[in-house]
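Undergrad: Below you'll find the structure I mean.
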Amino acid sequence: MNTKLENFLLYAIADDWAAIAEFDASVRKISPDEYSRREVLRIIRELASRSYISLGAFPGGGRSWEPWDVSLDEEIRRIALGYNNAHGYLDISDDEIGSNEVFRAAITQEGRKRLQDLGDPYEKYGDPWADDPFLRADN
């Protein structure tokens, strides 16, 4: 994964739990030549395998986000194919990506350390969404 993409993803996840839409939009915008849904899943796997993020979901019943206590292979399978009545990333239309809640990622202490080493991506690279008035960082 390129460092710029890693930097923006960790920065976004540090602010709040990130759903599949955050990953999908970041890869589309920052690495458009590499974009595919399989590549997005590979990036999620890579960040989780480096212990930069933990993966989980909102289990329902008013309970808050809970990390999954399963193998990384099972976590990626759940994201790809669906879990807990949520459709998987590989089975939904592009229009459904923004509202999909099959999982959320949380940054870990290792992820925060890595982000600190990388610095603020907006200061380093500028705002990749500057050409979109609805997504600019200054809104």
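Numbering starts fresh at 1 for the residues of each chain in the structure tokens, the chains themselves are lettered A, B, ... in the order given, and ligands are numbered from 1 as they appear.
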Taking a cut-off of 9 Å and counting only C-alpha atoms, can you build a table that, for each residue of stretch 36-76 of chain A near stretch 103-117 of chain A, reports the nearest atom pair and how far apart they are in Å (one decimal), sorted by chain then residue number, as a tab-separated table?
TA:
residue	atom	partner	partner_atom	distance
A:Ile44	CA	A:Ala105	CA	8.8
A:Leu47	CA	A:Gly111	CA	8.4
A:Ala48	CA	A:Ala105	CA	8.9
A:Arg50	CA	A:Glu110	CA	8.2
A:Ser51	CA	A:Glu110	CA	6.2
A:Tyr52	CA	A:Gly111	CA	3.7
A:Ile53	CA	A:Ile107	CA	4.5
A:Ser54	CA	A:Ala106	CA	5.3
A:Leu55	CA	A:Ala105	CA	4.7
A:Gly56	CA	A:Phe103	CA	5.5
A:Ala57	CA	A:Phe103	CA	4.6
A:Phe58	CA	A:Phe103	CA	7.5
A:Trp65	CA	A:Arg104	CA	7.8
A:Pro67	CA	A:Ala106	CA	8.5
A:Glu75	CA	A:Phe103	CA	9.0
Undergrad: With C-alpha atoms retained, export the selected residues as a compact mmCIF listing (two decimals), in the first residue's frame.
TA:
# COMPACT_ATOMS: atom_id res chain seq x y z
CA ILE A 44 -8.15 -3.52 5.05
CA LEU A 47 -3.85 -2.58 7.99
CA ALA A 48 -5.39 -5.17 10.31
CA ARG A 50 -0.07 -4.82 10.90
CA SER A 51 -2.24 -4.26 14.01
CA TYR A 52 -3.03 -0.69 12.94
CA ILE A 53 -6.79 -1.27 13.01
CA SER A 54 -9.22 -3.63 14.68
CA LEU A 55 -12.36 -4.79 12.91
CA GLY A 56 -15.82 -5.23 14.36
CA ALA A 57 -19.44 -4.24 14.08
CA PHE A 58 -22.44 -2.82 15.88
CA TRP A 65 -19.30 -1.23 18.48
CA PRO A 67 -14.41 -5.90 18.00
CA GLU A 75 -13.13 -10.91 9.45
Undergrad: If you run DSSP on the backbone, which residues of chain A are strand (DSSP E or B), as a list in words?
TA: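 Here are the strand (DSSP E or B) residues of chain A: Ala18, Ile53, Ser54, Leu55, Gly56, Ala57, Gly60, Arg63, Glu66, Pro67, Gly82, Tyr83, Ala86, His87, Arg104, Ala105, Ala106 and Ile107 of chain A.
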Undergrad: Would you mind exporting N, CA, C and O atoms of the selected residues as a PDB file, in the first residue's frame?
TA:
ATOM      1  N   ALA A  18     -14.437   3.731  11.159  1.00  0.00           N
ATOM      2  CA  ALA A  18     -14.603   3.870   9.712  1.00  0.00           C
ATOM      3  C   ALA A  18     -15.335   2.664   9.130  1.00  0.00           C
ATOM      4  O   ALA A  18     -14.963   1.525   9.377  1.00  0.00           O
ATOM      5  N   ILE A  53      -5.351  -1.398  12.820  1.00  0.00           N
ATOM      6  CA  ILE A  53      -6.789  -1.267  13.013  1.00  0.00           C
ATOM      7  C   ILE A  53      -7.334  -2.570  13.578  1.00  0.00           C
ATOM      8  O   ILE A  53      -6.745  -3.636  13.388  1.00  0.00           O
ATOM      9  N   SER A  54      -8.464  -2.449  14.281  1.00  0.00           N
ATOM     10  CA  SER A  54      -9.218  -3.629  14.678  1.00  0.00           C
ATOM     11  C   SER A  54     -10.559  -3.548  13.967  1.00  0.00           C
ATOM     12  O   SER A  54     -11.067  -2.462  13.673  1.00  0.00           O
ATOM     13  N   LEU A  55     -11.121  -4.697  13.686  1.00  0.00           N
ATOM     14  CA  LEU A  55     -12.355  -4.785  12.914  1.00  0.00           C
ATOM     15  C   LEU A  55     -13.478  -5.310  13.805  1.00  0.00           C
ATOM     16  O   LEU A  55     -13.257  -6.157  14.657  1.00  0.00           O
ATOM     17  N   GLY A  56     -14.672  -4.801  13.587  1.00  0.00           N
ATOM     18  CA  GLY A  56     -15.816  -5.231  14.365  1.00  0.00           C
ATOM     19  C   GLY A  56     -17.086  -4.664  13.777  1.00  0.00           C
ATOM     20  O   GLY A  56     -17.109  -4.207  12.636  1.00  0.00           O
ATOM     21  N   ALA A  57     -18.146  -4.699  14.575  1.00  0.00           N
ATOM     22  CA  ALA A  57     -19.442  -4.238  14.076  1.00  0.00           C
ATOM     23  C   ALA A  57     -20.307  -3.790  15.246  1.00  0.00           C
ATOM     24  O   ALA A  57     -19.996  -4.033  16.412  1.00  0.00           O
ATOM     25  N   GLY A  60     -26.133  -4.651  17.321  1.00  0.00           N
ATOM     26  CA  GLY A  60     -27.577  -4.427  17.424  1.00  0.00           C
ATOM     27  C   GLY A  60     -28.021  -4.456  18.878  1.00  0.00           C
ATOM     28  O   GLY A  60     -27.220  -4.610  19.796  1.00  0.00           O
ATOM     29  N   ARG A  63     -26.436  -2.048  21.589  1.00  0.00           N
ATOM     30  CA  ARG A  63     -25.044  -2.182  22.029  1.00  0.00           C
ATOM     31  C   ARG A  63     -24.142  -1.417  21.074  1.00  0.00           C
ATOM     32  O   ARG A  63     -24.411  -1.288  19.895  1.00  0.00           O
ATOM     33  N   GLU A  66     -18.389  -3.444  18.772  1.00  0.00           N
ATOM     34  CA  GLU A  66     -17.629  -4.496  19.435  1.00  0.00           C
ATOM     35  C   GLU A  66     -16.633  -5.079  18.452  1.00  0.00           C
ATOM     36  O   GLU A  66     -16.989  -5.364  17.299  1.00  0.00           O
ATOM     37  N   PRO A  67     -15.390  -5.263  18.904  1.00  0.00           N
ATOM     38  CA  PRO A  67     -14.414  -5.902  18.003  1.00  0.00           C
ATOM     39  C   PRO A  67     -14.783  -7.372  17.809  1.00  0.00           C
ATOM     40  O   PRO A  67     -15.368  -8.003  18.695  1.00  0.00           O
ATOM     41  N   GLY A  82     -20.795 -10.532   3.915  1.00  0.00           N
ATOM     42  CA  GLY A  82     -21.913 -10.131   4.764  1.00  0.00           C
ATOM     43  C   GLY A  82     -21.846 -10.733   6.149  1.00  0.00           C
ATOM     44  O   GLY A  82     -21.228 -11.771   6.371  1.00  0.00           O
ATOM     45  N   TYR A  83     -22.498 -10.028   7.082  1.00  0.00           N
ATOM     46  CA  TYR A  83     -22.489 -10.470   8.470  1.00  0.00           C
ATOM     47  C   TYR A  83     -23.637  -9.797   9.217  1.00  0.00           C
ATOM     48  O   TYR A  83     -23.917  -8.615   9.000  1.00  0.00           O
ATOM     49  N   ALA A  86     -26.252  -7.764   7.479  1.00  0.00           N
ATOM     50  CA  ALA A  86     -25.753  -6.690   6.601  1.00  0.00           C
ATOM     51  C   ALA A  86     -25.144  -7.342   5.367  1.00  0.00           C
ATOM     52  O   ALA A  86     -24.423  -8.342   5.470  1.00  0.00           O
ATOM     53  N   HIS A  87     -25.432  -6.799   4.211  1.00  0.00           N
ATOM     54  CA  HIS A  87     -24.882  -7.322   2.961  1.00  0.00           C
ATOM     55  C   HIS A  87     -23.384  -7.075   2.896  1.00  0.00           C
ATOM     56  O   HIS A  87     -22.890  -6.057   3.378  1.00  0.00           O
ATOM     57  N   ARG A 104     -17.082  -1.923  10.970  1.00  0.00           N
ATOM     58  CA  ARG A 104     -16.398  -0.652  11.231  1.00  0.00           C
ATOM     59  C   ARG A 104     -14.988  -0.985  11.703  1.00  0.00           C
ATOM     60  O   ARG A 104     -14.774  -1.985  12.370  1.00  0.00           O
ATOM     61  N   ALA A 105     -14.053  -0.116  11.371  1.00  0.00           N
ATOM     62  CA  ALA A 105     -12.671  -0.274  11.808  1.00  0.00           C
ATOM     63  C   ALA A 105     -12.375   0.784  12.863  1.00  0.00           C
ATOM     64  O   ALA A 105     -12.828   1.923  12.754  1.00  0.00           O
ATOM     65  N   ALA A 106     -11.606   0.394  13.858  1.00  0.00           N
ATOM     66  CA  ALA A 106     -11.140   1.316  14.901  1.00  0.00           C
ATOM     67  C   ALA A 106      -9.620   1.328  14.877  1.00  0.00           C
ATOM     68  O   ALA A 106      -8.992   0.294  14.636  1.00  0.00           O
ATOM     69  N   ILE A 107      -9.043   2.484  15.122  1.00  0.00           N
ATOM     70  CA  ILE A 107      -7.588   2.570  15.157  1.00  0.00           C
ATOM     71  C   ILE A 107      -7.084   1.978  16.476  1.00  0.00           C
ATOM     72  O   ILE A 107      -7.752   2.085  17.506  1.00  0.00           O
TER      73      ILE A 107
END
Undergrad: Grab the atom CA of A:Met1 to atom CA of A:Arg38 distance for me, in Å with one decimal place.
TA: 13.3 Å
Undergrad: Select, from A:Glu101, A:Asp131, A:Asp94, A:Asp15, the residue with the minimum atom-to-atom distance to A:Arg78, counting only C-alpha atoms.
TA: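 For A:Arg78, the nearest of the candidates is A:Glu101.
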Undergrad: Mind pulling up the distance from atom CA of A:Ala12 to atom CA of A:Glu39?
TA: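 Value for the atom CA of A:Glu39-atom CA of A:Ala12 distance: 18.5 Å.
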